[in-house]
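**Student:** Handing over run-v3.tsv, TSV, C-alpha atoms and all ligand atoms.
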chain	number	residue	atom	x	y	z
S	1212	MET	CA	-10.31	-85.08	17.90
S	1213	ARG	CA	-9.28	-81.44	18.30
S	1214	SER	CA	-10.72	-79.16	15.68
S	1215	TYR	CA	-9.27	-75.97	14.20
S	1216	GLY	CA	-11.51	-76.12	11.10
S	1217	ALA	CA	-12.22	-78.64	8.37
S	1218	ARG	CA	-9.89	-81.41	7.21
S	1219	LYS	CA	-7.06	-79.98	5.12
S	1220	ARG	CA	-4.15	-81.20	3.01
S	1221	ILE	CA	-1.09	-79.85	4.76
S	1222	LEU	CA	2.54	-79.82	3.63
S	1223	VAL	CA	5.23	-79.81	6.30
S	1224	THR	CA	8.73	-79.20	4.93
S	1225	GLY	CA	11.44	-80.45	7.26
S	1226	GLY	CA	8.77	-82.80	8.61
S	1227	ALA	CA	11.24	-85.52	9.60
S	1228	GLY	CA	13.16	-83.15	11.88
S	1229	PHE	CA	12.70	-82.40	15.55
S	1230	LEU	CA	9.91	-79.80	15.37
S	1231	GLY	CA	8.54	-81.09	12.05
S	1232	SER	CA	7.89	-84.60	13.37
S	1233	HIS	CA	5.93	-83.24	16.35
S	1234	LEU	CA	3.98	-80.95	14.02
S	1235	CYS	CA	3.10	-83.83	11.64
S	1236	GLU	CA	1.91	-85.84	14.64
S	1237	ARG	CA	-0.26	-82.97	15.88
S	1238	LEU	CA	-1.80	-82.22	12.46
S	1239	LEU	CA	-2.68	-85.90	11.98
S	1240	ALA	CA	-4.25	-85.94	15.45
S	1241	ASP	CA	-6.31	-82.92	14.40
S	1242	GLY	CA	-7.65	-85.00	11.49
S	1243	HIS	CA	-5.70	-83.55	8.55
S	1244	ASP	CA	-3.90	-85.15	5.60
S	1245	VAL	CA	-0.19	-84.54	6.06
S	1246	LEU	CA	2.52	-84.54	3.40
S	1247	CYS	CA	5.95	-84.59	5.01
S	1248	VAL	CA	8.78	-83.42	2.75
S	1249	ASP	CA	12.39	-83.81	3.86
S	1250	ASN	CA	15.84	-84.43	2.39
S	1251	PHE	CA	16.97	-86.11	5.63
S	1252	PHE	CA	19.95	-83.79	6.04
S	1253	THR	CA	19.37	-83.56	9.80
S	1254	GLY	CA	16.00	-85.28	10.09
S	1255	THR	CA	15.55	-89.05	10.21
S	1256	LYS	CA	12.92	-91.59	9.21
S	1257	LYS	CA	13.06	-92.78	12.82
S	1258	ASN	CA	11.40	-89.50	13.89
S	1259	ILE	CA	8.30	-90.24	11.81
S	1260	GLU	CA	8.33	-94.03	11.45
S	1261	HIS	CA	5.43	-94.35	13.89
S	1262	LEU	CA	3.34	-92.23	11.46
S	1263	LEU	CA	4.14	-94.24	8.31
S	1264	GLY	CA	1.22	-96.65	8.79
S	1265	ASN	CA	-1.29	-93.80	9.05
S	1266	PRO	CA	-3.30	-93.57	5.77
S	1267	ASN	CA	-3.45	-89.76	6.17
S	1268	PHE	CA	0.34	-89.47	6.26
S	1269	GLU	CA	2.65	-89.36	3.25
S	1270	LEU	CA	6.44	-89.02	3.19
S	1271	MET	CA	8.37	-87.55	0.25
S	1272	ARG	CA	12.17	-87.30	-0.02
S	1273	HIS	CA	12.75	-83.93	-1.62
S	1274	ASP	CA	15.14	-80.99	-1.30
S	1275	VAL	CA	13.26	-77.69	-1.01
S	1276	THR	CA	15.94	-75.87	-3.00
S	1277	PHE	CA	14.20	-77.49	-6.00
S	1278	PRO	CA	10.62	-76.64	-7.02
S	1279	LEU	CA	7.79	-78.83	-5.78
S	1280	TYR	CA	4.41	-79.34	-7.42
S	1281	VAL	CA	1.74	-80.68	-5.07
S	1282	GLU	CA	-1.85	-79.76	-4.24
S	1283	VAL	CA	-2.14	-78.53	-0.66
S	1284	ASP	CA	-4.21	-76.08	1.39
S	1285	GLU	CA	-1.55	-75.08	3.91
S	1286	ILE	CA	2.25	-75.14	4.07
S	1287	TYR	CA	4.44	-75.11	7.17
S	1288	ASN	CA	7.97	-74.30	5.96
S	1289	LEU	CA	10.38	-75.77	8.50
S	1290	ALA	CA	13.08	-77.19	6.22
S	1291	CYS	CA	16.46	-75.82	7.33
S	1292	PRO	CA	19.25	-77.15	9.54
S	1293	ALA	CA	18.76	-75.37	12.86
S	1294	SER	CA	21.81	-76.01	15.00
S	1295	PRO	CA	25.17	-74.25	14.45
S	1296	VAL	CA	26.99	-77.57	13.94
S	1297	HIS	CA	24.64	-78.50	11.12
S	1298	TYR	CA	24.08	-75.12	9.50
S	1299	GLN	CA	27.81	-74.33	9.49
S	1300	TYR	CA	28.65	-77.72	7.94
S	1301	ASP	CA	27.68	-76.44	4.47
S	1302	PRO	CA	26.92	-72.73	4.89
S	1303	VAL	CA	26.19	-72.13	1.20
S	1304	GLN	CA	23.60	-74.91	1.23
S	1305	THR	CA	22.12	-73.42	4.44
S	1306	THR	CA	21.52	-70.06	2.76
S	1307	LYS	CA	20.16	-71.82	-0.34
S	1308	THR	CA	17.77	-73.84	1.79
S	1309	SER	CA	16.47	-70.71	3.51
S	1310	VAL	CA	16.29	-68.50	0.43
S	1311	HIS	CA	15.63	-70.84	-2.52
S	1312	GLY	CA	13.50	-73.00	-0.22
S	1313	ALA	CA	11.37	-69.96	0.66
S	1314	ILE	CA	11.08	-68.94	-3.00
S	1315	ASN	CA	10.01	-72.45	-4.01
S	1316	MET	CA	7.48	-72.83	-1.21
S	1317	LEU	CA	6.08	-69.32	-1.74
S	1318	GLY	CA	5.81	-70.08	-5.46
S	1319	LEU	CA	3.91	-73.24	-4.64
S	1320	ALA	CA	1.64	-71.36	-2.20
S	1321	LYS	CA	0.95	-68.77	-4.90
S	1322	ARG	CA	0.10	-71.42	-7.52
S	1323	VAL	CA	-2.27	-73.42	-5.33
S	1324	LYS	CA	-3.48	-70.46	-3.21
S	1325	ALA	CA	-2.27	-72.10	-0.01
S	1326	LYS	CA	-1.71	-70.36	3.28
S	1327	ILE	CA	1.98	-70.54	4.27
S	1328	LEU	CA	3.80	-70.35	7.61
S	1329	GLN	CA	7.52	-69.69	7.91
S	1330	ALA	CA	9.55	-71.15	10.77
S	1331	SER	CA	11.74	-68.11	11.34
S	1332	THR	CA	14.01	-67.66	14.31
S	1333	SER	CA	15.05	-65.40	17.15
S	1334	GLU	CA	18.45	-65.38	15.38
S	1335	VAL	CA	17.02	-62.67	13.11
S	1336	TYR	CA	17.63	-60.38	16.13
S	1337	GLY	CA	21.35	-61.32	16.09
S	1338	ASP	CA	23.18	-60.21	19.25
S	1339	PRO	CA	20.38	-57.95	20.46
S	1340	GLU	CA	20.83	-54.57	22.09
S	1341	VAL	CA	17.23	-54.62	23.31
S	1342	HIS	CA	15.89	-56.99	25.99
S	1343	PRO	CA	13.52	-58.69	25.79
S	1344	GLN	CA	13.15	-58.58	22.00
S	1345	THR	CA	9.86	-57.40	20.60
S	1346	GLU	CA	8.89	-58.00	16.97
S	1347	SER	CA	9.47	-54.33	16.16
S	1348	TYR	CA	13.21	-54.63	16.91
S	1349	TRP	CA	15.18	-54.91	13.64
S	1350	GLY	CA	18.11	-56.78	15.06
S	1351	HIS	CA	21.87	-56.49	15.38
S	1352	VAL	CA	23.23	-59.04	12.95
S	1353	ASN	CA	26.70	-59.66	11.59
S	1354	PRO	CA	26.29	-60.18	7.82
S	1355	ILE	CA	29.69	-61.87	7.30
S	1356	GLY	CA	30.23	-64.06	10.36
S	1357	ILE	CA	30.02	-67.83	10.71
S	1358	ARG	CA	26.39	-67.66	11.87
S	1359	SER	CA	25.36	-65.38	9.01
S	1360	CYS	CA	24.41	-68.18	6.59
S	1361	TYR	CA	21.61	-69.02	8.98
S	1362	ASP	CA	20.73	-65.58	10.43
S	1363	GLU	CA	20.79	-63.71	7.13
S	1364	GLY	CA	19.22	-66.63	5.25
S	1365	LYS	CA	16.27	-66.52	7.65
S	1366	ARG	CA	16.08	-62.72	7.43
S	1367	CYS	CA	15.97	-62.90	3.64
S	1368	ALA	CA	13.27	-65.59	3.86
S	1369	GLU	CA	11.17	-63.20	5.98
S	1370	THR	CA	11.72	-60.48	3.36
S	1371	LEU	CA	10.50	-62.84	0.64
S	1372	PHE	CA	7.42	-63.78	2.67
S	1373	PHE	CA	6.44	-60.15	3.12
S	1374	ASP	CA	7.14	-59.26	-0.52
S	1375	TYR	CA	5.00	-62.19	-1.74
S	1376	HIS	CA	2.33	-60.96	0.65
S	1377	ARG	CA	2.48	-57.35	-0.56
S	1378	GLN	CA	3.09	-58.10	-4.23
S	1379	HIS	CA	0.93	-61.21	-4.75
S	1380	GLY	CA	-1.52	-61.08	-1.85
S	1381	LEU	CA	-0.28	-64.36	-0.38
S	1382	ARG	CA	-1.65	-65.38	3.01
S	1383	ILE	CA	1.50	-65.59	5.13
S	1384	LYS	CA	2.35	-66.25	8.77
S	1385	VAL	CA	5.83	-65.72	10.19
S	1386	ALA	CA	6.79	-67.27	13.54
S	1387	ARG	CA	10.07	-66.22	15.18
S	1388	ILE	CA	10.95	-69.27	17.21
S	1389	PHE	CA	13.10	-69.02	20.31
S	1390	ASN	CA	15.08	-71.99	21.71
S	1391	THR	CA	12.82	-75.01	21.78
S	1392	TYR	CA	13.69	-78.40	23.21
S	1393	GLY	CA	12.16	-81.82	23.72
S	1394	PRO	CA	12.22	-85.43	22.58
S	1395	ARG	CA	13.70	-86.07	19.09
S	1396	MET	CA	16.27	-83.32	19.28
S	1397	HIS	CA	19.41	-84.53	17.58
S	1398	PRO	CA	21.59	-86.09	20.33
S	1399	ASN	CA	24.86	-84.45	19.23
S	1400	ASP	CA	24.09	-81.30	17.28
S	1401	GLY	CA	25.62	-78.97	19.85
S	1402	ARG	CA	22.32	-77.46	21.00
S	1403	VAL	CA	22.64	-76.67	24.65
S	1404	VAL	CA	19.76	-78.73	26.11
S	1405	SER	CA	20.51	-81.94	24.21
S	1406	ASN	CA	24.24	-81.41	24.71
S	1407	PHE	CA	23.97	-81.12	28.46
S	1408	ILE	CA	21.56	-84.07	28.77
S	1409	VAL	CA	23.73	-86.37	26.67
S	1410	GLN	CA	26.87	-85.33	28.55
S	1411	ALA	CA	25.13	-85.87	31.91
S	1412	LEU	CA	23.75	-89.29	30.93
S	1413	ASN	CA	27.17	-90.38	29.69
S	1414	GLY	CA	28.84	-89.12	32.87
S	1415	GLU	CA	30.98	-86.73	30.79
S	1416	ALA	CA	31.89	-83.18	31.80
S	1417	ILE	CA	29.15	-80.62	31.04
S	1418	THR	CA	30.76	-78.03	28.76
S	1419	VAL	CA	29.69	-74.47	29.46
S	1420	PHE	CA	30.89	-71.71	27.11
S	1421	GLY	CA	32.26	-68.55	28.69
S	1422	GLU	CA	31.34	-68.23	32.35
S	1423	GLY	CA	27.82	-69.52	31.76
S	1424	ASN	CA	26.24	-66.15	32.60
S	1425	GLN	CA	24.64	-65.83	29.17
S	1426	THR	CA	20.90	-66.37	29.45
S	1427	ARG	CA	18.53	-68.36	27.27
S	1428	SER	CA	14.82	-69.08	27.35
S	1429	PHE	CA	13.69	-72.64	26.70
S	1430	CYS	CA	10.31	-73.59	25.26
S	1431	TYR	CA	9.01	-77.16	25.43
S	1432	VAL	CA	8.12	-78.57	22.00
S	1433	ASP	CA	4.40	-79.22	22.73
S	1434	ASP	CA	3.91	-75.56	23.65
S	1435	LEU	CA	5.66	-74.45	20.46
S	1436	ILE	CA	3.57	-76.71	18.22
S	1437	GLU	CA	0.38	-75.36	19.81
S	1438	SER	CA	1.51	-71.84	18.88
S	1439	PHE	CA	2.10	-72.91	15.23
S	1440	VAL	CA	-1.39	-74.37	14.89
S	1441	ARG	CA	-2.94	-71.29	16.47
S	1442	LEU	CA	-0.90	-68.96	14.26
S	1443	MET	CA	-1.97	-70.78	11.11
S	1444	ALA	CA	-5.60	-70.42	12.22
S	1445	THR	CA	-5.43	-66.63	12.75
S	1446	PRO	CA	-7.41	-64.37	10.38
S	1447	ASP	CA	-5.72	-63.56	7.05
S	1448	GLU	CA	-4.91	-59.98	8.14
S	1449	PHE	CA	-2.58	-61.36	10.81
S	1450	THR	CA	0.82	-62.10	9.26
S	1451	GLY	CA	3.19	-61.77	12.18
S	1452	PRO	CA	6.10	-61.78	12.61
S	1453	VAL	CA	5.28	-63.11	16.02
S	1454	ASN	CA	7.69	-64.28	18.70
S	1455	VAL	CA	7.00	-67.75	20.01
S	1456	GLY	CA	9.00	-69.10	22.90
S	1457	ASN	CA	9.10	-69.25	26.64
S	1458	PRO	CA	10.07	-65.98	28.34
S	1459	GLY	CA	11.36	-67.75	31.47
S	1460	GLU	CA	15.04	-66.80	31.56
S	1461	PHE	CA	17.81	-69.07	32.83
S	1462	THR	CA	21.58	-68.77	32.72
S	1463	ILE	CA	23.42	-71.55	30.95
S	1464	LEU	CA	25.01	-72.41	34.28
S	1465	GLU	CA	21.57	-72.79	35.90
S	1466	LEU	CA	20.53	-75.10	33.06
S	1467	ALA	CA	23.66	-77.22	33.52
S	1468	ARG	CA	22.94	-77.58	37.25
S	1469	LYS	CA	19.28	-78.50	36.64
S	1470	VAL	CA	20.27	-81.18	34.13
S	1471	ILE	CA	22.79	-82.65	36.57
S	1472	GLU	CA	20.14	-82.70	39.29
S	1473	LEU	CA	17.38	-84.25	37.15
S	1474	THR	CA	19.61	-86.93	35.64
S	1475	GLY	CA	21.27	-87.71	38.98
S	1476	SER	CA	24.57	-87.50	37.13
S	1477	LYS	CA	28.02	-87.17	38.72
S	1478	SER	CA	29.21	-84.98	35.81
S	1479	LYS	CA	31.33	-81.94	36.57
S	1480	ILE	CA	30.93	-78.58	34.85
S	1481	GLU	CA	33.81	-77.51	32.56
S	1482	PHE	CA	34.23	-73.99	31.14
S	1483	ARG	CA	35.29	-73.38	27.50
S	1484	PRO	CA	35.99	-70.20	25.47
S	1485	LEU	CA	32.92	-68.37	24.17
S	1486	PRO	CA	32.41	-68.92	20.40
S	1487	SER	CA	32.24	-65.88	18.11
S	1488	ASP	CA	28.88	-64.07	17.78
S	1489	ASP	CA	27.36	-66.01	20.70
S	1490	PRO	CA	24.58	-63.75	22.05
S	1491	MET	CA	24.73	-62.87	25.77
S	1492	GLN	CA	21.01	-62.74	26.33
S	1493	ARG	CA	18.01	-64.11	24.50
S	1494	LYS	CA	14.49	-63.73	25.82
S	1495	PRO	CA	11.29	-63.37	23.84
S	1496	ASP	CA	8.66	-60.75	24.47
S	1497	ILE	CA	5.53	-62.79	23.80
S	1498	ALA	CA	2.91	-60.08	24.39
S	1499	LEU	CA	1.85	-60.27	20.74
S	1500	ALA	CA	1.53	-64.08	20.78
S	1501	LYS	CA	-0.53	-63.81	23.96
S	1502	SER	CA	-2.99	-61.35	22.44
S	1503	ALA	CA	-3.12	-62.56	18.82
S	1504	LEU	CA	-2.94	-66.31	19.44
S	1505	GLN	CA	-4.33	-66.42	22.99
S	1506	TRP	CA	-1.27	-68.53	23.68
S	1507	ALA	CA	1.38	-68.80	26.35
S	1508	PRO	CA	3.73	-71.68	27.14
S	1509	LYS	CA	2.48	-74.02	29.87
S	1510	VAL	CA	5.20	-76.61	30.43
S	1511	PRO	CA	7.69	-75.63	33.17
S	1512	LEU	CA	11.40	-76.22	32.48
S	1513	GLU	CA	11.73	-79.06	35.03
S	1514	ALA	CA	8.78	-80.98	33.53
S	1515	GLY	CA	9.99	-80.52	29.96
S	1516	LEU	CA	13.55	-81.47	30.88
S	1517	ALA	CA	12.31	-84.60	32.65
S	1518	ARG	CA	10.42	-85.72	29.50
S	1519	THR	CA	13.43	-84.96	27.32
S	1520	ILE	CA	15.81	-86.81	29.64
S	1521	GLU	CA	13.43	-89.81	29.52
S	1522	TYR	CA	13.66	-89.77	25.73
S	1523	PHE	CA	17.46	-89.60	25.73
S	1524	ARG	CA	17.71	-92.45	28.24
S	1525	ASN	CA	16.24	-94.75	25.59
S	1526	PRO	CA	19.17	-96.60	23.94
S	1527	ALA	CA	17.46	-96.20	20.52
S	1528	CYS	CA	18.40	-92.48	20.66
S	1529	ALA	CA	22.05	-93.52	20.31
S	1530	VAL	CA	23.23	-91.56	23.34
N	1	LIG	N1	14.39	-75.93	17.50
N	1	LIG	C1	14.57	-74.65	17.72
N	1	LIG	O1	14.86	-74.25	18.84
N	1	LIG	C2	14.39	-73.64	16.61
N	1	LIG	C3	14.58	-72.28	16.91
N	1	LIG	C4	14.41	-71.35	15.91
N	1	LIG	C5	14.03	-71.72	14.64
N	1	LIG	N2	13.85	-73.06	14.38
N	1	LIG	C6	13.47	-73.40	12.99
N	1	LIG	O2	12.52	-74.44	12.98
N	1	LIG	C7	12.76	-75.30	11.87
N	1	LIG	C8	12.89	-76.73	12.35
N	1	LIG	O3	13.99	-76.82	13.24
N	1	LIG	P1	14.34	-78.15	14.05
N	1	LIG	O4	14.82	-77.75	15.38
N	1	LIG	O5	13.23	-79.12	13.94
N	1	LIG	O6	15.63	-78.65	13.23
N	1	LIG	P2	15.91	-80.03	12.50
N	1	LIG	O7	17.29	-79.94	11.94
N	1	LIG	O8	15.60	-81.17	13.40
N	1	LIG	O9	14.84	-80.03	11.33
N	1	LIG	C9	15.05	-79.45	10.07
N	1	LIG	C10	14.57	-80.43	9.03
N	1	LIG	O10	14.73	-79.85	7.73
N	1	LIG	C11	15.29	-80.83	6.87
N	1	LIG	N3	16.00	-80.13	5.79
N	1	LIG	C12	17.13	-79.38	5.87
N	1	LIG	N4	17.46	-78.90	4.66
N	1	LIG	C13	16.50	-79.32	3.80
N	1	LIG	C14	16.27	-79.16	2.41
N	1	LIG	N5	17.12	-78.43	1.66
N	1	LIG	N6	15.18	-79.74	1.85
N	1	LIG	C15	14.33	-80.49	2.61
N	1	LIG	N7	14.49	-80.68	3.92
N	1	LIG	C16	15.57	-80.12	4.52
N	1	LIG	C17	16.20	-81.65	7.75
N	1	LIG	O11	16.51	-82.92	7.21
N	1	LIG	C18	15.36	-81.75	9.03
N	1	LIG	O12	14.47	-82.84	9.00
N	1	LIG	C19	14.01	-74.78	11.17
N	1	LIG	O13	13.62	-74.00	10.06
N	1	LIG	C20	14.67	-73.92	12.21
N	1	LIG	O14	15.42	-72.87	11.65
N	1	LIG	C21	14.02	-74.01	15.33
What would the structure in this file look like if it were written as structure tokens?
**Tutor:**
Amino acid sequence: MRSYGARKRILVTGGAGFLGSHLCERLLADGHDVLCVDNFFTGTKKNIEHLLGNPNFELMRHDVTFPLYVEVDEIYNLACPASPVHYQYDPVQTTKTSVHGAINMLGLAKRVKAKILQASTSEVYGDPEVHPQTESYWGHVNPIGIRSCYDEGKRCAETLFFDYHRQHGLRIKVARIFNTYGPRMHPNDGRVVSNFIVQALNGEAITVFGEGNQTRSFCYVDDLIESFVRLMATPDEFTGPVNVGNPGEFTILELARKVIELTGSKSKIEFRPLPSDDPMQRKPDIALAKSALQWAPKVPLEAGLARTIEYFRNPACAV
């Protein structure tokens, strides 16, 4: 058993989602008691059904926009739809989940003196004018666009975390997550990695927005989860925000070609108009994560894609 300290009672909101389910798994493997809270908006029981028999695992259906009263030592706040398709489906609810969800979880952390980690996002940088983005960059965000419910919701959540820290002395950790991929991503939520894999496996055209020159960095889920656990274990003085992601930069076109190659698909690439507010470049500067967490991603894109493709080949994923 890995050990990052004594056995703790840990709440994971959004625990039935893509990242949350991997985090629950990891925390159980580290010997902790895990309470997974989710309203199943985008997450599914299937993601955590293999954990249900574990006596240290508990599942609670709950919406974080309502207060929660539980006794825990640590909180990982992941609840929030993460893909544009899902967060734009009900934008008001998205902002409520980010903002009211943060208020409720921070209130809980304050009451029970728990340490709390926020799953923030590289979207707080908006369409950045600085590359790669360091944590000191304040961002270039449209406050009234179709992505704003998510971007501004997450920015406000960060504000709340830091105000609870300054005003109430809460022990906070803020992770700014860059594109992460892996098994249990939603098969049709429009995120580029899952999209391309599903299209390739179905022999459909791979849809690339714009000319495909926009770049993204892709972090494999196991690397990301390791950074979360390390961040939570940092000394109380360390709050972040800290970028976590893989700085390897690939164009969307390169990704499409890699997916075609690794799946052995005969799919063709098709170009579509670029959606509004789609950033041209996104690459984390992870110098802070390297020094504060002694962490850097280890899984190369090919290896991570191969594992993800394997997952999506399984008919149970409803590809
Ligand atoms: N995956 C990425 O690349 C990425 C990048 C940046 C930030 N993030 C952040 O990480 C977190 C997890 O993302 P993910 O990729 O696992 O997405 P996901 O959609 O798979 O997981 C989100 C989970 O939150 C749950 N949820 C949504 N609204 C809720 C509510 N009101 N109450 C309770 N549960 C609710 C969903 O049902 C789902 O299980 C999100 O906060 C997201 O913003 C993810």
**Student:** Report as a PyMOL selection string which protein, DNA and RNA residues come within 6 Å of ligand LIG 1 (chain N), using all atoms listed in the file.
**Tutor:** chain S and resi 1225-1231+1249-1254+1273-1276+1289-1293+1308+1330-1332+1388-1391
**Student:** Restricting the calculation to all atoms listed in the file, which member of S:Gly1318, S:Pro1302, S:Gly1456, S:Gly1264 is positioned closest to Val1281 (chain S)?
**Tutor:**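 Closest to Val1281 (chain S), using all atoms listed in the file: S:Gly1318.
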**Student:** Contacts between region 1363-1383 of chain S and region 1415-1460 of chain S, please, where a residue of region 1415-1460 of chain S counts if it comes within 10 Å (with only C-alpha atoms); show its shortest atom pair and distance in Å to one decimal, rows by chain and ascending number, as a Markdown table.
**Tutor:**
| residue | atom | partner | partner_atom | distance |
| --- | --- | --- | --- | --- |
| S:Met1443 | CA | S:Ile1383 | CA | 8.6 |
| S:Pro1446 | CA | S:Arg1382 | CA | 9.4 |
| S:Asp1447 | CA | S:Arg1382 | CA | 6.0 |
| S:Glu1448 | CA | S:Arg1382 | CA | 8.1 |
| S:Phe1449 | CA | S:Ile1383 | CA | 8.2 |
| S:Thr1450 | CA | S:Ile1383 | CA | 5.4 |
| S:Gly1451 | CA | S:Ile1383 | CA | 8.2 |
| S:Pro1452 | CA | S:Glu1369 | CA | 8.5 |
**Student:** Between CA of Pro1394 (chain S) and CA of Val1283 (chain S), what is the distance in Å, rounded to a tenth?
**Tutor:**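 The value is 28.2 Å.
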**Student:** What is the CA of Ala1320 (chain S) to CA of Ile1221 (chain S) distance in Å?
**Tutor:**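 Value for the CA of Ala1320 (chain S)-CA of Ile1221 (chain S) distance: 11.3 Å.
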**Student:** When you draw a straight line from CA of Leu1319 (chain S) to CA of His1243 (chain S), how long is it in Å?
**Tutor:**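 The value is 19.3 Å.
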**Student:** Which one is closest to Phe1429 (chain S): S:Arg1218, S:Arg1483, S:His1397, S:Lys1509? Count only C-alpha atoms.
**Tutor:**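 Closest to Phe1429 (chain S), using only C-alpha atoms: S:Lys1509.
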**Student:** Pick out the closest residue to Val1440 (chain S) from this set: S:Phe1277, S:Trp1506, S:Tyr1522, S:Trp1349. Count all atoms listed in the file.
**Tutor:**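 Looking only at the distances to Val1440 (chain S), the closest residue turns out to be S:Trp1506.
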**Student:** So, with all atoms listed in the file as the atoms that count, which of S:Ser1359, S:Thr1305, S:Asn1424, S:Asn1315 lies closest to Glu1465 (chain S)?
**Tutor:** S:Asn1424
**Student:** Which residue, S:Tyr1300, S:Tyr1431, S:Phe1268, S:Phe1407, has the smallest gap to Ala1514 (chain S) when you use all atoms listed in the file?
**Tutor:**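 Nearest candidate to Ala1514 (chain S) out of S:Tyr1300, S:Tyr1431, S:Phe1268, S:Phe1407: S:Tyr1431.
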**Student:** Calculated over only C-alpha atoms, which of the candidates S:Asn1454, S:Pro1343, S:Ile1497, S:Met1396 has the smallest distance to Arg1427 (chain S)?
**Tutor:**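 Smallest distance to Arg1427 (chain S) is found for S:Pro1343.
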**Student:** (23.3, -60.5, 13.2) in this file's frame - what residues fall within 9 Å of it? Use only C-alpha atoms and give the answer as a list in words.
**Tutor:**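 Neighbouring residues, ordered by chain and number, come to Glu1334, Val1335, Tyr1336, Gly1337, Asp1338, Pro1339, Gly1350, His1351, Val1352, Asn1353, Pro1354, Ile1355, Gly1356, Arg1358, Ser1359, Asp1362, Glu1363 and Asp1488 of chain S.
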**Student:** Can you report as JSON the centre and edge lengths in Å, to one decimal, of an axis-aligned box around the listed atoms of region 1368-1381 of chain S padded with 5 Å on each side?
**Tutor:**
{"center_x": 5.9, "center_y": -61.5, "center_z": 0.6, "size_x": 24.8, "size_y": 18.2, "size_z": 20.7}
**Student:** Identify, on the basis of only C-alpha atoms, every residue whose closest approach to Glu1269 (chain S) does not exceed 7 Å; exclude the query and any residue fewer than 3 positions from it along the same chain; express the result as a list of chain:residue names.
**Tutor:**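 The neighbour list is S:Val1245, S:Leu1246, S:Cys1247.
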